[in-house]
Amino acid sequence: MTHPLFSVLSPVLEATNGIRQVYYAGNQHPVPALAYQVDFPRLELILDGEQVMEWEDEQGTTQATLLQAGDVLYVPAKGWNSPRWQMPVRTLSILFGKQQLGFSLLHWNGAGFDSSEKGNIGRRGPRVGAFMLQALNELAWHRSDQQTAKFLVKGLLSHAVDLFSSSVQTASRSQALFSAIRQHIEVYFREPLTRDSVAKSFYISPNYLSHLFQKSGGIGLNEYLNYVRLEQAKNLLKGYDMKVKEVAHACGFTDSNYFCRQFKKSTERSPSEYRRQYRSQFEQEQA
């Protein structure tokens, strides 16, 4: 599983001419109505098609330029730009916040937005990427040095891909671990499982185990364990003439009274009532 930015930016990063031209917006004058402005630096990249973009040049004059695929507009903190959504175009915006890196991927078909995708992720530290952004700010005064500007832009794009791709890998590993723990519980639910014992089986801390269940499953560990045990209890009540206490112990409940309370909370019936109702319905269906 890969992040969408990987497939979008790989052609740009791998091609020698993936970045065609780097432009620079200013931040010295008031922002026009409907223009985009944020407090952090941004990269605006044309992926496919072309788009007329307005921004403030170094003299503070508003200019409109037709950007083509591979063109990048660097917008400094508090700078502004105003895209015109007319011709079909696919664009990518990357925002370099102090704590987070965000992206916005847009596809305009000429009449409306076909698709859009947004996301953000925490940065690895305030210095990662900061010096490349600082260098771009300095190059704004030496705009003829396009070769260096293209290297810097590619470095920032590569940093974004690496950061978002690592988040997908981390999420994938967490999901795989969550699935493995669920399978463990579904096999060993009859055992006296506890948060500590399950965490120890997977060499993780009890706190991380609880965090994993809440984040990946939206459910607590004990809540899920009770769910697995109660589902097994339903099967035993339907298919066997076991005493309620025997059913409880067979499903991992050491306290049959606790089992009955949890069962009624889940089904709004006692175990005996559940068995009678099931068998009554079964006999009616067979008649």
# chains A, B, ... in the order shown; residues from 1 in each chain; ligands from 1
>>> residues_around(residues="Val22 (chain A)", least_positions_apart="3", cutoff="12 Å", atoms="only C-alpha atoms", output="ChimeraX atom specification")
/A:17-19,25,43-46,67-75,136,139-140,142-154
>>> write_last_selection(atoms="C-alpha atoms", output="PDB file, in the first residue's frame")
ATOM      1  CA  ASN A  17      12.857  17.808 -16.777  1.00  0.00           C
ATOM      2  CA  GLY A  18      10.140  16.946 -14.249  1.00  0.00           C
ATOM      3  CA  ILE A  19      10.269  20.530 -12.970  1.00  0.00           C
ATOM      4  CA  ALA A  25       5.256  34.918  -5.388  1.00  0.00           C
ATOM      5  CA  LEU A  43       4.528  24.902  -3.311  1.00  0.00           C
ATOM      6  CA  GLU A  44       1.883  25.040  -6.061  1.00  0.00           C
ATOM      7  CA  LEU A  45       2.637  22.442  -8.756  1.00  0.00           C
ATOM      8  CA  ILE A  46       0.892  21.915 -12.106  1.00  0.00           C
ATOM      9  CA  LEU A  67       1.514  27.773 -15.920  1.00  0.00           C
ATOM     10  CA  GLN A  68       2.058  24.451 -17.677  1.00  0.00           C
ATOM     11  CA  ALA A  69       2.712  20.898 -16.484  1.00  0.00           C
ATOM     12  CA  GLY A  70       5.904  20.865 -14.421  1.00  0.00           C
ATOM     13  CA  ASP A  71       5.705  24.527 -13.454  1.00  0.00           C
ATOM     14  CA  VAL A  72       5.969  25.349  -9.748  1.00  0.00           C
ATOM     15  CA  LEU A  73       5.003  28.500  -7.899  1.00  0.00           C
ATOM     16  CA  TYR A  74       6.774  29.017  -4.574  1.00  0.00           C
ATOM     17  CA  VAL A  75       4.570  31.072  -2.240  1.00  0.00           C
ATOM     18  CA  LEU A 136      14.183  29.212  -1.950  1.00  0.00           C
ATOM     19  CA  LEU A 139      16.697  32.502  -4.591  1.00  0.00           C
ATOM     20  CA  ALA A 140      13.648  34.732  -4.967  1.00  0.00           C
ATOM     21  CA  HIS A 142      18.261  35.549  -7.883  1.00  0.00           C
ATOM     22  CA  ARG A 143      15.536  34.113 -10.095  1.00  0.00           C
ATOM     23  CA  SER A 144      17.830  33.329 -12.991  1.00  0.00           C
ATOM     24  CA  ASP A 145      19.347  30.414 -11.035  1.00  0.00           C
ATOM     25  CA  GLN A 146      16.707  27.945 -12.142  1.00  0.00           C
ATOM     26  CA  GLN A 147      18.935  24.873 -11.851  1.00  0.00           C
ATOM     27  CA  THR A 148      19.401  25.311  -8.102  1.00  0.00           C
ATOM     28  CA  ALA A 149      15.723  26.167  -7.646  1.00  0.00           C
ATOM     29  CA  LYS A 150      14.673  22.943  -9.406  1.00  0.00           C
ATOM     30  CA  PHE A 151      16.967  20.855  -7.180  1.00  0.00           C
ATOM     31  CA  LEU A 152      15.520  22.487  -4.075  1.00  0.00           C
ATOM     32  CA  VAL A 153      11.928  21.962  -5.207  1.00  0.00           C
ATOM     33  CA  LYS A 154      12.624  18.310  -5.992  1.00  0.00           C
TER      34      LYS A 154
END
>>> residues_around(residues="region 267-271 of chain A", least_positions_apart="5", cutoff="12 Å", atoms="only C-alpha atoms", output="PDB file with C-alpha atoms, in the first residue's frame")
ATOM      1  CA  TYR A 227     -17.760  -9.694  22.543  1.00  0.00           C
ATOM      2  CA  LEU A 230     -20.410 -13.796  24.304  1.00  0.00           C
ATOM      3  CA  GLU A 231     -20.631 -14.805  20.637  1.00  0.00           C
ATOM      4  CA  ALA A 233     -21.665 -18.429  24.469  1.00  0.00           C
ATOM      5  CA  LYS A 234     -24.568 -17.884  22.076  1.00  0.00           C
ATOM      6  CA  ASN A 235     -23.383 -20.826  19.975  1.00  0.00           C
ATOM      7  CA  LEU A 236     -23.134 -23.089  23.032  1.00  0.00           C
ATOM      8  CA  LEU A 237     -26.567 -22.061  24.301  1.00  0.00           C
ATOM      9  CA  LYS A 238     -28.098 -22.822  20.914  1.00  0.00           C
ATOM     10  CA  ASP A 241     -27.774 -28.545  26.925  1.00  0.00           C
ATOM     11  CA  MET A 242     -25.034 -27.142  29.118  1.00  0.00           C
ATOM     12  CA  LYS A 243     -25.770 -25.361  32.368  1.00  0.00           C
ATOM     13  CA  VAL A 244     -25.345 -21.605  32.295  1.00  0.00           C
ATOM     14  CA  LYS A 245     -22.398 -21.862  34.668  1.00  0.00           C
ATOM     15  CA  GLU A 246     -20.738 -24.408  32.388  1.00  0.00           C
ATOM     16  CA  VAL A 247     -21.264 -22.162  29.373  1.00  0.00           C
ATOM     17  CA  ALA A 248     -19.706 -19.244  31.228  1.00  0.00           C
ATOM     18  CA  SER A 256     -20.998 -16.823  36.069  1.00  0.00           C
ATOM     19  CA  ASN A 257     -22.902 -13.893  37.610  1.00  0.00           C
ATOM     20  CA  TYR A 258     -20.695 -11.451  35.692  1.00  0.00           C
ATOM     21  CA  PHE A 259     -21.304 -13.536  32.576  1.00  0.00           C
ATOM     22  CA  CYS A 260     -25.079 -13.294  33.035  1.00  0.00           C
ATOM     23  CA  ARG A 261     -24.915  -9.522  33.532  1.00  0.00           C
ATOM     24  CA  GLN A 262     -22.798  -9.038  30.404  1.00  0.00           C
ATOM     25  CA  ARG A 276     -35.633 -20.811  25.162  1.00  0.00           C
ATOM     26  CA  GLN A 277     -36.427 -18.160  22.558  1.00  0.00           C
ATOM     27  CA  TYR A 278     -33.991 -19.611  20.052  1.00  0.00           C
TER      28      TYR A 278
END
>>> residues_around(residues="Asp39 (chain A)", least_positions_apart="4", cutoff="10 Å", atoms="only C-alpha atoms", output="NGL selection string")
:A and (76-80 or 95-98)
>>> write_last_selection(atoms="all heavy atoms", output="CSV table (one decimal), in the first residue's frame")
chain,number,residue,atom,x,y,z
A,76,PRO,N,5.8,32.2,-0.4
A,76,PRO,CA,6.3,32.3,0.9
A,76,PRO,C,5.2,32.5,2.0
A,76,PRO,O,4.1,32.7,1.6
A,76,PRO,CB,7.2,33.6,0.8
A,76,PRO,CG,6.6,34.4,-0.2
A,76,PRO,CD,6.0,33.5,-1.2
A,77,ALA,N,5.6,32.4,3.2
A,77,ALA,CA,4.6,32.7,4.3
A,77,ALA,C,4.0,34.0,4.1
A,77,ALA,O,4.6,35.0,3.8
A,77,ALA,CB,5.4,32.6,5.6
A,78,LYS,N,2.6,34.0,4.2
A,78,LYS,CA,1.8,35.2,4.1
A,78,LYS,C,1.7,35.7,2.6
A,78,LYS,O,1.2,36.8,2.4
A,78,LYS,CB,2.2,36.3,5.0
A,78,LYS,CG,2.0,35.9,6.5
A,78,LYS,CD,2.3,37.1,7.4
A,78,LYS,CE,2.2,36.7,8.9
A,78,LYS,NZ,0.8,36.2,9.2
A,79,GLY,N,2.4,34.9,1.7
A,79,GLY,CA,2.2,35.3,0.3
A,79,GLY,C,0.8,34.8,-0.2
A,79,GLY,O,0.1,34.1,0.5
A,80,TRP,N,0.5,35.2,-1.4
A,80,TRP,CA,-0.8,34.9,-2.0
A,80,TRP,C,-0.7,34.4,-3.4
A,80,TRP,O,0.2,34.8,-4.1
A,80,TRP,CB,-1.8,36.0,-1.8
A,80,TRP,CG,-1.5,37.2,-2.6
A,80,TRP,CD1,-0.7,38.3,-2.2
A,80,TRP,CD2,-1.8,37.5,-3.9
A,80,TRP,NE1,-0.6,39.3,-3.1
A,80,TRP,CE2,-1.3,38.8,-4.3
A,80,TRP,CE3,-2.6,36.9,-4.9
A,80,TRP,CZ2,-1.4,39.4,-5.5
A,80,TRP,CZ3,-2.7,37.5,-6.2
A,80,TRP,CH2,-2.2,38.7,-6.4
A,95,LEU,N,1.8,22.4,1.7
A,95,LEU,CA,2.0,23.4,2.7
A,95,LEU,C,2.9,23.0,3.8
A,95,LEU,O,2.8,21.9,4.4
A,95,LEU,CB,0.6,23.8,3.3
A,95,LEU,CG,0.6,25.0,4.3
A,95,LEU,CD1,-0.8,25.7,4.2
A,95,LEU,CD2,0.8,24.5,5.7
A,96,PHE,N,3.9,23.8,4.1
A,96,PHE,CA,5.0,23.5,5.1
A,96,PHE,C,4.7,24.2,6.4
A,96,PHE,O,5.3,25.3,6.6
A,96,PHE,CB,6.4,23.8,4.5
A,96,PHE,CG,6.7,23.0,3.3
A,96,PHE,CD1,6.4,23.4,2.0
A,96,PHE,CD2,7.4,21.8,3.4
A,96,PHE,CE1,6.7,22.7,0.9
A,96,PHE,CE2,7.7,21.0,2.3
A,96,PHE,CZ,7.3,21.5,1.0
A,97,GLY,N,3.8,23.7,7.2
A,97,GLY,CA,3.6,24.3,8.5
A,97,GLY,C,4.7,24.0,9.5
A,97,GLY,O,5.6,23.2,9.2
A,98,LYS,N,4.6,24.7,10.6
A,98,LYS,CA,5.7,24.5,11.6
A,98,LYS,C,5.7,23.1,12.2
A,98,LYS,O,6.7,22.5,12.5
A,98,LYS,CB,5.6,25.5,12.7
A,98,LYS,CG,5.9,26.9,12.3
A,98,LYS,CD,5.8,27.9,13.5
A,98,LYS,CE,6.2,29.3,13.0
A,98,LYS,NZ,6.1,30.3,14.2
>>> residues_around(residues="Pro192 (chain A)", least_positions_apart="4", cutoff="10 Å", atoms="only C-alpha atoms", output="ChimeraX atom specification")
/A:188,197,252-254
>>> residues_around(residues="Leu92 (chain A)", least_positions_apart="2", cutoff="12 Å", atoms="only C-alpha atoms", output="ChimeraX atom specification")
/A:4-5,8-9,12,42-48,69-73,89-90,94-95,102-108,116-119,157,160
>>> select_by_dssp(residues="region 80-260 of chain A", states="helix (DSSP H, G or I)", output="CSV table (one decimal) with N, CA and C atoms, in the first residue's frame")
chain,number,residue,atom,x,y,z
A,130,ALA,N,13.5,22.9,6.5
A,130,ALA,CA,13.5,24.3,6.7
A,130,ALA,C,14.6,25.1,5.9
A,131,PHE,N,15.8,24.4,5.8
A,131,PHE,CA,16.9,25.1,5.1
A,131,PHE,C,16.7,25.2,3.6
A,132,MET,N,16.0,24.2,3.1
A,132,MET,CA,15.6,24.2,1.6
A,132,MET,C,14.6,25.3,1.4
A,133,LEU,N,13.7,25.5,2.3
A,133,LEU,CA,12.7,26.6,2.2
A,133,LEU,C,13.4,28.0,2.3
A,134,GLN,N,14.4,28.0,3.2
A,134,GLN,CA,15.1,29.3,3.4
A,134,GLN,C,15.9,29.6,2.1
A,135,ALA,N,16.5,28.5,1.5
A,135,ALA,CA,17.2,28.7,0.3
A,135,ALA,C,16.3,29.2,-0.9
A,136,LEU,N,15.1,28.7,-0.9
A,136,LEU,CA,14.2,29.2,-2.0
A,136,LEU,C,13.8,30.7,-1.7
A,137,ASN,N,13.7,31.1,-0.5
A,137,ASN,CA,13.4,32.5,-0.2
A,137,ASN,C,14.6,33.3,-0.7
A,138,GLU,N,15.8,32.9,-0.5
A,138,GLU,CA,17.0,33.6,-1.0
A,138,GLU,C,17.0,33.7,-2.5
A,139,LEU,N,16.7,32.5,-3.1
A,139,LEU,CA,16.7,32.5,-4.6
A,139,LEU,C,15.6,33.4,-5.2
A,146,GLN,N,17.8,28.9,-12.1
A,146,GLN,CA,16.7,27.9,-12.1
A,146,GLN,C,17.2,26.5,-11.8
A,147,GLN,N,18.4,26.2,-12.1
A,147,GLN,CA,18.9,24.9,-11.9
A,147,GLN,C,18.9,24.6,-10.4
A,148,THR,N,19.4,25.5,-9.6
A,148,THR,CA,19.4,25.3,-8.1
A,148,THR,C,18.0,25.3,-7.6
A,149,ALA,N,17.1,26.1,-8.1
A,149,ALA,CA,15.7,26.2,-7.6
A,149,ALA,C,15.0,24.8,-7.9
A,150,LYS,N,15.3,24.2,-9.1
A,150,LYS,CA,14.7,22.9,-9.4
A,150,LYS,C,15.2,21.8,-8.5
A,151,PHE,N,16.4,21.8,-8.1
A,151,PHE,CA,17.0,20.9,-7.2
A,151,PHE,C,16.3,21.0,-5.8
A,152,LEU,N,16.1,22.2,-5.4
A,152,LEU,CA,15.5,22.5,-4.1
A,152,LEU,C,14.1,22.0,-4.1
A,153,VAL,N,13.3,22.4,-5.1
A,153,VAL,CA,11.9,22.0,-5.2
A,153,VAL,C,11.8,20.4,-5.2
A,154,LYS,N,12.7,19.8,-6.0
A,154,LYS,CA,12.6,18.3,-6.0
A,154,LYS,C,12.9,17.7,-4.6
A,155,GLY,N,13.9,18.4,-3.9
A,155,GLY,CA,14.2,17.9,-2.6
A,155,GLY,C,13.0,18.0,-1.6
A,156,LEU,N,12.3,19.1,-1.7
A,156,LEU,CA,11.1,19.3,-0.9
A,156,LEU,C,10.0,18.3,-1.2
A,157,LEU,N,9.8,18.1,-2.5
A,157,LEU,CA,8.8,17.1,-3.0
A,157,LEU,C,9.2,15.7,-2.5
A,158,SER,N,10.5,15.4,-2.6
A,158,SER,CA,10.9,14.1,-2.2
A,158,SER,C,10.7,13.9,-0.7
A,159,HIS,N,11.0,15.0,0.1
A,159,HIS,CA,10.7,15.0,1.5
A,159,HIS,C,9.3,14.7,1.8
A,160,ALA,N,8.4,15.3,1.1
A,160,ALA,CA,6.9,15.1,1.3
A,160,ALA,C,6.5,13.7,1.0
A,161,VAL,N,7.0,13.1,-0.1
A,161,VAL,CA,6.7,11.7,-0.4
A,161,VAL,C,7.2,10.8,0.7
A,162,ASP,N,8.4,11.0,1.1
A,162,ASP,CA,9.0,10.2,2.2
A,162,ASP,C,8.2,10.2,3.4
A,163,LEU,N,7.8,11.4,3.8
A,163,LEU,CA,7.0,11.6,5.1
A,163,LEU,C,5.6,11.0,5.0
A,164,PHE,N,4.9,11.2,3.9
A,164,PHE,CA,3.6,10.6,3.8
A,164,PHE,C,3.7,9.1,3.6
A,165,SER,N,4.7,8.6,2.8
A,165,SER,CA,4.8,7.2,2.6
A,165,SER,C,5.1,6.4,3.9
A,166,SER,N,5.9,7.0,4.8
A,166,SER,CA,6.2,6.4,6.1
A,166,SER,C,5.0,6.3,6.9
A,167,SER,N,4.1,7.3,6.8
A,167,SER,CA,2.9,7.3,7.6
A,167,SER,C,2.0,6.1,7.2
A,168,VAL,N,2.0,5.8,5.9
A,168,VAL,CA,1.2,4.7,5.4
A,168,VAL,C,1.7,3.4,5.9
A,169,GLN,N,3.1,3.3,5.8
A,169,GLN,CA,3.7,2.1,6.3
A,169,GLN,C,3.5,1.8,7.8
A,170,THR,N,3.5,2.9,8.6
A,170,THR,CA,3.3,2.8,10.0
A,170,THR,C,1.8,2.4,10.2
A,171,ALA,N,0.9,3.0,9.5
A,171,ALA,CA,-0.5,2.6,9.7
A,171,ALA,C,-0.7,1.2,9.3
A,172,SER,N,-0.1,0.7,8.2
A,172,SER,CA,-0.2,-0.6,7.7
A,172,SER,C,0.3,-1.6,8.8
A,173,ARG,N,1.5,-1.3,9.4
A,173,ARG,CA,2.0,-2.2,10.4
A,173,ARG,C,1.1,-2.2,11.6
A,174,SER,N,0.5,-1.1,12.0
A,174,SER,CA,-0.4,-1.0,13.2
A,174,SER,C,-1.6,-1.9,12.9
A,175,GLN,N,-2.1,-1.8,11.6
A,175,GLN,CA,-3.3,-2.6,11.3
A,175,GLN,C,-3.0,-4.0,11.3
A,176,ALA,N,-1.8,-4.4,10.8
A,176,ALA,CA,-1.4,-5.8,10.8
A,176,ALA,C,-1.3,-6.4,12.2
A,177,LEU,N,-0.7,-5.5,13.1
A,177,LEU,CA,-0.6,-5.9,14.5
A,177,LEU,C,-2.0,-6.1,15.2
A,178,PHE,N,-2.8,-5.1,14.9
A,178,PHE,CA,-4.2,-5.2,15.4
A,178,PHE,C,-4.9,-6.5,15.0
A,179,SER,N,-4.8,-6.8,13.7
A,179,SER,CA,-5.4,-8.0,13.2
A,179,SER,C,-4.9,-9.3,13.9
A,180,ALA,N,-3.5,-9.3,14.1
A,180,ALA,CA,-2.9,-10.5,14.7
A,180,ALA,C,-3.4,-10.6,16.2
A,181,ILE,N,-3.5,-9.5,16.9
A,181,ILE,CA,-4.0,-9.6,18.3
A,181,ILE,C,-5.4,-10.0,18.3
A,182,ARG,N,-6.3,-9.6,17.4
A,182,ARG,CA,-7.6,-10.0,17.4
A,182,ARG,C,-7.7,-11.5,17.1
A,183,GLN,N,-6.9,-12.0,16.2
A,183,GLN,CA,-6.9,-13.5,16.0
A,183,GLN,C,-6.4,-14.2,17.2
A,184,HIS,N,-5.5,-13.7,17.9
A,184,HIS,CA,-5.0,-14.3,19.2
A,184,HIS,C,-6.1,-14.4,20.2
A,185,ILE,N,-6.9,-13.4,20.3
A,185,ILE,CA,-8.0,-13.4,21.3
A,185,ILE,C,-9.1,-14.4,20.8
A,186,GLU,N,-9.3,-14.4,19.5
A,186,GLU,CA,-10.4,-15.4,19.0
A,186,GLU,C,-10.0,-16.8,19.2
A,187,VAL,N,-8.7,-17.1,19.3
A,187,VAL,CA,-8.2,-18.5,19.5
A,187,VAL,C,-8.1,-18.8,21.0
A,188,TYR,N,-7.7,-17.8,21.8
A,188,TYR,CA,-7.4,-18.1,23.3
A,188,TYR,C,-8.4,-17.4,24.2
A,195,ARG,N,-5.1,-7.6,29.9
A,195,ARG,CA,-4.4,-6.6,29.1
A,195,ARG,C,-2.8,-6.8,29.1
A,196,ASP,N,-2.3,-7.1,30.3
A,196,ASP,CA,-0.9,-7.3,30.5
A,196,ASP,C,-0.5,-8.6,29.8
A,197,SER,N,-1.2,-9.7,29.9
A,197,SER,CA,-0.8,-11.0,29.3
A,197,SER,C,-0.8,-10.9,27.8
A,198,VAL,N,-1.8,-10.2,27.2
A,198,VAL,CA,-1.9,-10.1,25.7
A,198,VAL,C,-0.8,-9.2,25.3
A,199,ALA,N,-0.5,-8.1,26.0
A,199,ALA,CA,0.6,-7.2,25.6
A,199,ALA,C,1.9,-7.9,25.6
A,200,LYS,N,2.1,-8.8,26.6
A,200,LYS,CA,3.4,-9.5,26.8
A,200,LYS,C,3.5,-10.5,25.6
A,201,SER,N,2.4,-11.1,25.2
A,201,SER,CA,2.5,-12.1,24.1
A,201,SER,C,3.0,-11.4,22.8
A,206,PRO,N,1.3,-2.5,27.7
A,206,PRO,CA,-0.2,-2.5,27.9
A,206,PRO,C,-0.9,-1.2,27.4
A,207,ASN,N,-0.2,-0.1,27.7
A,207,ASN,CA,-0.8,1.2,27.2
A,207,ASN,C,-0.9,1.3,25.7
A,208,TYR,N,0.2,0.8,25.0
A,208,TYR,CA,0.1,0.8,23.6
A,208,TYR,C,-1.0,-0.1,23.1
A,209,LEU,N,-1.1,-1.2,23.7
A,209,LEU,CA,-2.2,-2.2,23.3
A,209,LEU,C,-3.6,-1.5,23.4
A,210,SER,N,-3.8,-0.8,24.5
A,210,SER,CA,-5.1,-0.1,24.6
A,210,SER,C,-5.3,1.0,23.6
A,211,HIS,N,-4.2,1.7,23.3
A,211,HIS,CA,-4.2,2.7,22.3
A,211,HIS,C,-4.5,2.1,20.9
A,212,LEU,N,-3.9,1.0,20.6
A,212,LEU,CA,-4.0,0.3,19.3
A,212,LEU,C,-5.5,-0.1,19.1
A,213,PHE,N,-6.1,-0.6,20.1
A,213,PHE,CA,-7.5,-1.0,20.0
A,213,PHE,C,-8.4,0.2,19.8
A,214,GLN,N,-8.2,1.2,20.5
A,214,GLN,CA,-9.0,2.4,20.4
A,214,GLN,C,-8.9,3.1,19.0
A,215,LYS,N,-7.6,3.1,18.5
A,215,LYS,CA,-7.3,3.8,17.3
A,215,LYS,C,-7.7,2.9,16.1
A,216,SER,N,-7.4,1.6,16.1
A,216,SER,CA,-7.6,0.8,14.9
A,216,SER,C,-9.0,0.2,14.9
A,217,GLY,N,-9.6,-0.1,16.1
A,217,GLY,CA,-10.9,-0.7,16.2
A,217,GLY,C,-12.0,0.1,16.8
A,221,LEU,N,-10.1,-3.1,24.6
A,221,LEU,CA,-9.6,-4.5,24.6
A,221,LEU,C,-10.6,-5.4,25.3
A,222,ASN,N,-11.0,-5.1,26.6
A,222,ASN,CA,-11.9,-5.9,27.3
A,222,ASN,C,-13.3,-6.0,26.7
A,223,GLU,N,-13.7,-4.9,26.0
A,223,GLU,CA,-15.0,-4.9,25.3
A,223,GLU,C,-14.9,-5.9,24.2
A,224,TYR,N,-13.8,-5.9,23.5
A,224,TYR,CA,-13.7,-6.9,22.3
A,224,TYR,C,-13.6,-8.3,22.9
A,225,LEU,N,-12.9,-8.5,24.0
A,225,LEU,CA,-12.8,-9.9,24.5
A,225,LEU,C,-14.1,-10.4,25.0
A,226,ASN,N,-14.9,-9.5,25.6
A,226,ASN,CA,-16.3,-9.9,26.0
A,226,ASN,C,-17.1,-10.2,24.8
A,227,TYR,N,-17.0,-9.4,23.8
A,227,TYR,CA,-17.8,-9.7,22.5
A,227,TYR,C,-17.5,-11.1,22.0
A,228,VAL,N,-16.2,-11.5,21.9
A,228,VAL,CA,-15.8,-12.8,21.4
A,228,VAL,C,-16.4,-13.9,22.3
A,229,ARG,N,-16.2,-13.7,23.6
A,229,ARG,CA,-16.7,-14.7,24.5
A,229,ARG,C,-18.2,-14.9,24.5
A,230,LEU,N,-18.9,-13.7,24.3
A,230,LEU,CA,-20.4,-13.8,24.3
A,230,LEU,C,-20.9,-14.4,23.0
A,231,GLU,N,-20.2,-14.2,21.9
A,231,GLU,CA,-20.6,-14.8,20.6
A,231,GLU,C,-20.5,-16.3,20.7
A,232,GLN,N,-19.4,-16.8,21.4
A,232,GLN,CA,-19.2,-18.2,21.6
A,232,GLN,C,-20.3,-18.8,22.5
A,233,ALA,N,-20.6,-18.0,23.5
A,233,ALA,CA,-21.7,-18.4,24.5
A,233,ALA,C,-23.0,-18.6,23.8
A,234,LYS,N,-23.3,-17.7,22.8
A,234,LYS,CA,-24.6,-17.9,22.1
A,234,LYS,C,-24.6,-19.2,21.3
A,235,ASN,N,-23.5,-19.6,20.7
A,235,ASN,CA,-23.4,-20.8,20.0
A,235,ASN,C,-23.6,-22.0,20.9
A,236,LEU,N,-23.0,-22.0,22.1
A,236,LEU,CA,-23.1,-23.1,23.0
A,236,LEU,C,-24.6,-23.2,23.6
A,237,LEU,N,-25.2,-22.1,23.8
A,237,LEU,CA,-26.6,-22.1,24.3
A,237,LEU,C,-27.5,-22.6,23.2
A,238,LYS,N,-27.2,-22.3,22.0
A,238,LYS,CA,-28.1,-22.8,20.9
A,238,LYS,C,-27.9,-24.3,20.7
A,239,GLY,N,-26.7,-24.8,20.8
A,239,GLY,CA,-26.4,-26.2,20.3
A,239,GLY,C,-26.3,-27.2,21.4
A,244,VAL,N,-25.8,-23.0,32.5
A,244,VAL,CA,-25.3,-21.6,32.3
A,244,VAL,C,-24.0,-21.4,32.9
A,245,LYS,N,-23.7,-22.0,34.0
A,245,LYS,CA,-22.4,-21.9,34.7
A,245,LYS,C,-21.3,-22.6,33.8
A,246,GLU,N,-21.7,-23.7,33.2
A,246,GLU,CA,-20.7,-24.4,32.4
A,246,GLU,C,-20.4,-23.6,31.1
A,247,VAL,N,-21.5,-23.0,30.6
A,247,VAL,CA,-21.3,-22.2,29.4
A,247,VAL,C,-20.3,-21.0,29.7
A,248,ALA,N,-20.5,-20.4,30.8
A,248,ALA,CA,-19.7,-19.2,31.2
A,248,ALA,C,-18.2,-19.7,31.3
A,249,HIS,N,-18.0,-20.8,32.0
A,249,HIS,CA,-16.6,-21.2,32.2
A,249,HIS,C,-16.0,-21.7,30.9
A,250,ALA,N,-16.8,-22.3,30.0
A,250,ALA,CA,-16.3,-22.7,28.7
A,250,ALA,C,-15.9,-21.6,27.8
A,256,SER,N,-19.8,-16.6,36.8
A,256,SER,CA,-21.0,-16.8,36.1
A,256,SER,C,-22.0,-15.7,36.2
A,257,ASN,N,-22.0,-15.0,37.4
A,257,ASN,CA,-22.9,-13.9,37.6
A,257,ASN,C,-22.5,-12.7,36.7
A,258,TYR,N,-21.2,-12.5,36.6
A,258,TYR,CA,-20.7,-11.5,35.7
A,258,TYR,C,-21.1,-11.8,34.3
A,259,PHE,N,-20.9,-13.1,33.9
A,259,PHE,CA,-21.3,-13.5,32.6
A,259,PHE,C,-22.8,-13.2,32.3
A,260,CYS,N,-23.6,-13.5,33.2
A,260,CYS,CA,-25.1,-13.3,33.0
A,260,CYS,C,-25.4,-11.8,32.9
>>> select_by_dssp(residues="region 111-213 of chain A", states="strand (DSSP E or B)", output="list in words")
Phe113, Asp114, Ser115, Ser116, Glu117, Lys118, Gly119, Asn120, Ile121 and Gly122 of chain A
>>> residues_around(residues="Gln59 (chain A)", least_positions_apart="2", cutoff="12 Å", atoms="only C-alpha atoms", output="CSV table (one decimal) with C-alpha atoms, in the first residue's frame")
chain,number,residue,atom,x,y,z
A,24,TYR,CA,8.2,33.1,-7.0
A,25,ALA,CA,5.3,34.9,-5.4
A,26,GLY,CA,5.7,38.0,-3.2
A,27,ASN,CA,4.2,38.9,0.2
A,28,GLN,CA,4.6,42.6,0.5
A,29,HIS,CA,1.1,44.0,-0.3
A,55,TRP,CA,0.4,36.4,-7.8
A,56,GLU,CA,2.4,39.4,-6.7
A,57,ASP,CA,5.8,39.8,-8.3
A,61,THR,CA,2.7,44.2,-9.1
A,62,THR,CA,-0.1,41.6,-9.7
A,63,GLN,CA,0.8,39.4,-12.7
A,140,ALA,CA,13.6,34.7,-5.0
A,141,TRP,CA,16.2,37.5,-5.3
>>> atom_distance(atom1="CA of Tyr274 (chain A)", atom2="CA of Cys251 (chain A)")
16.2 Å
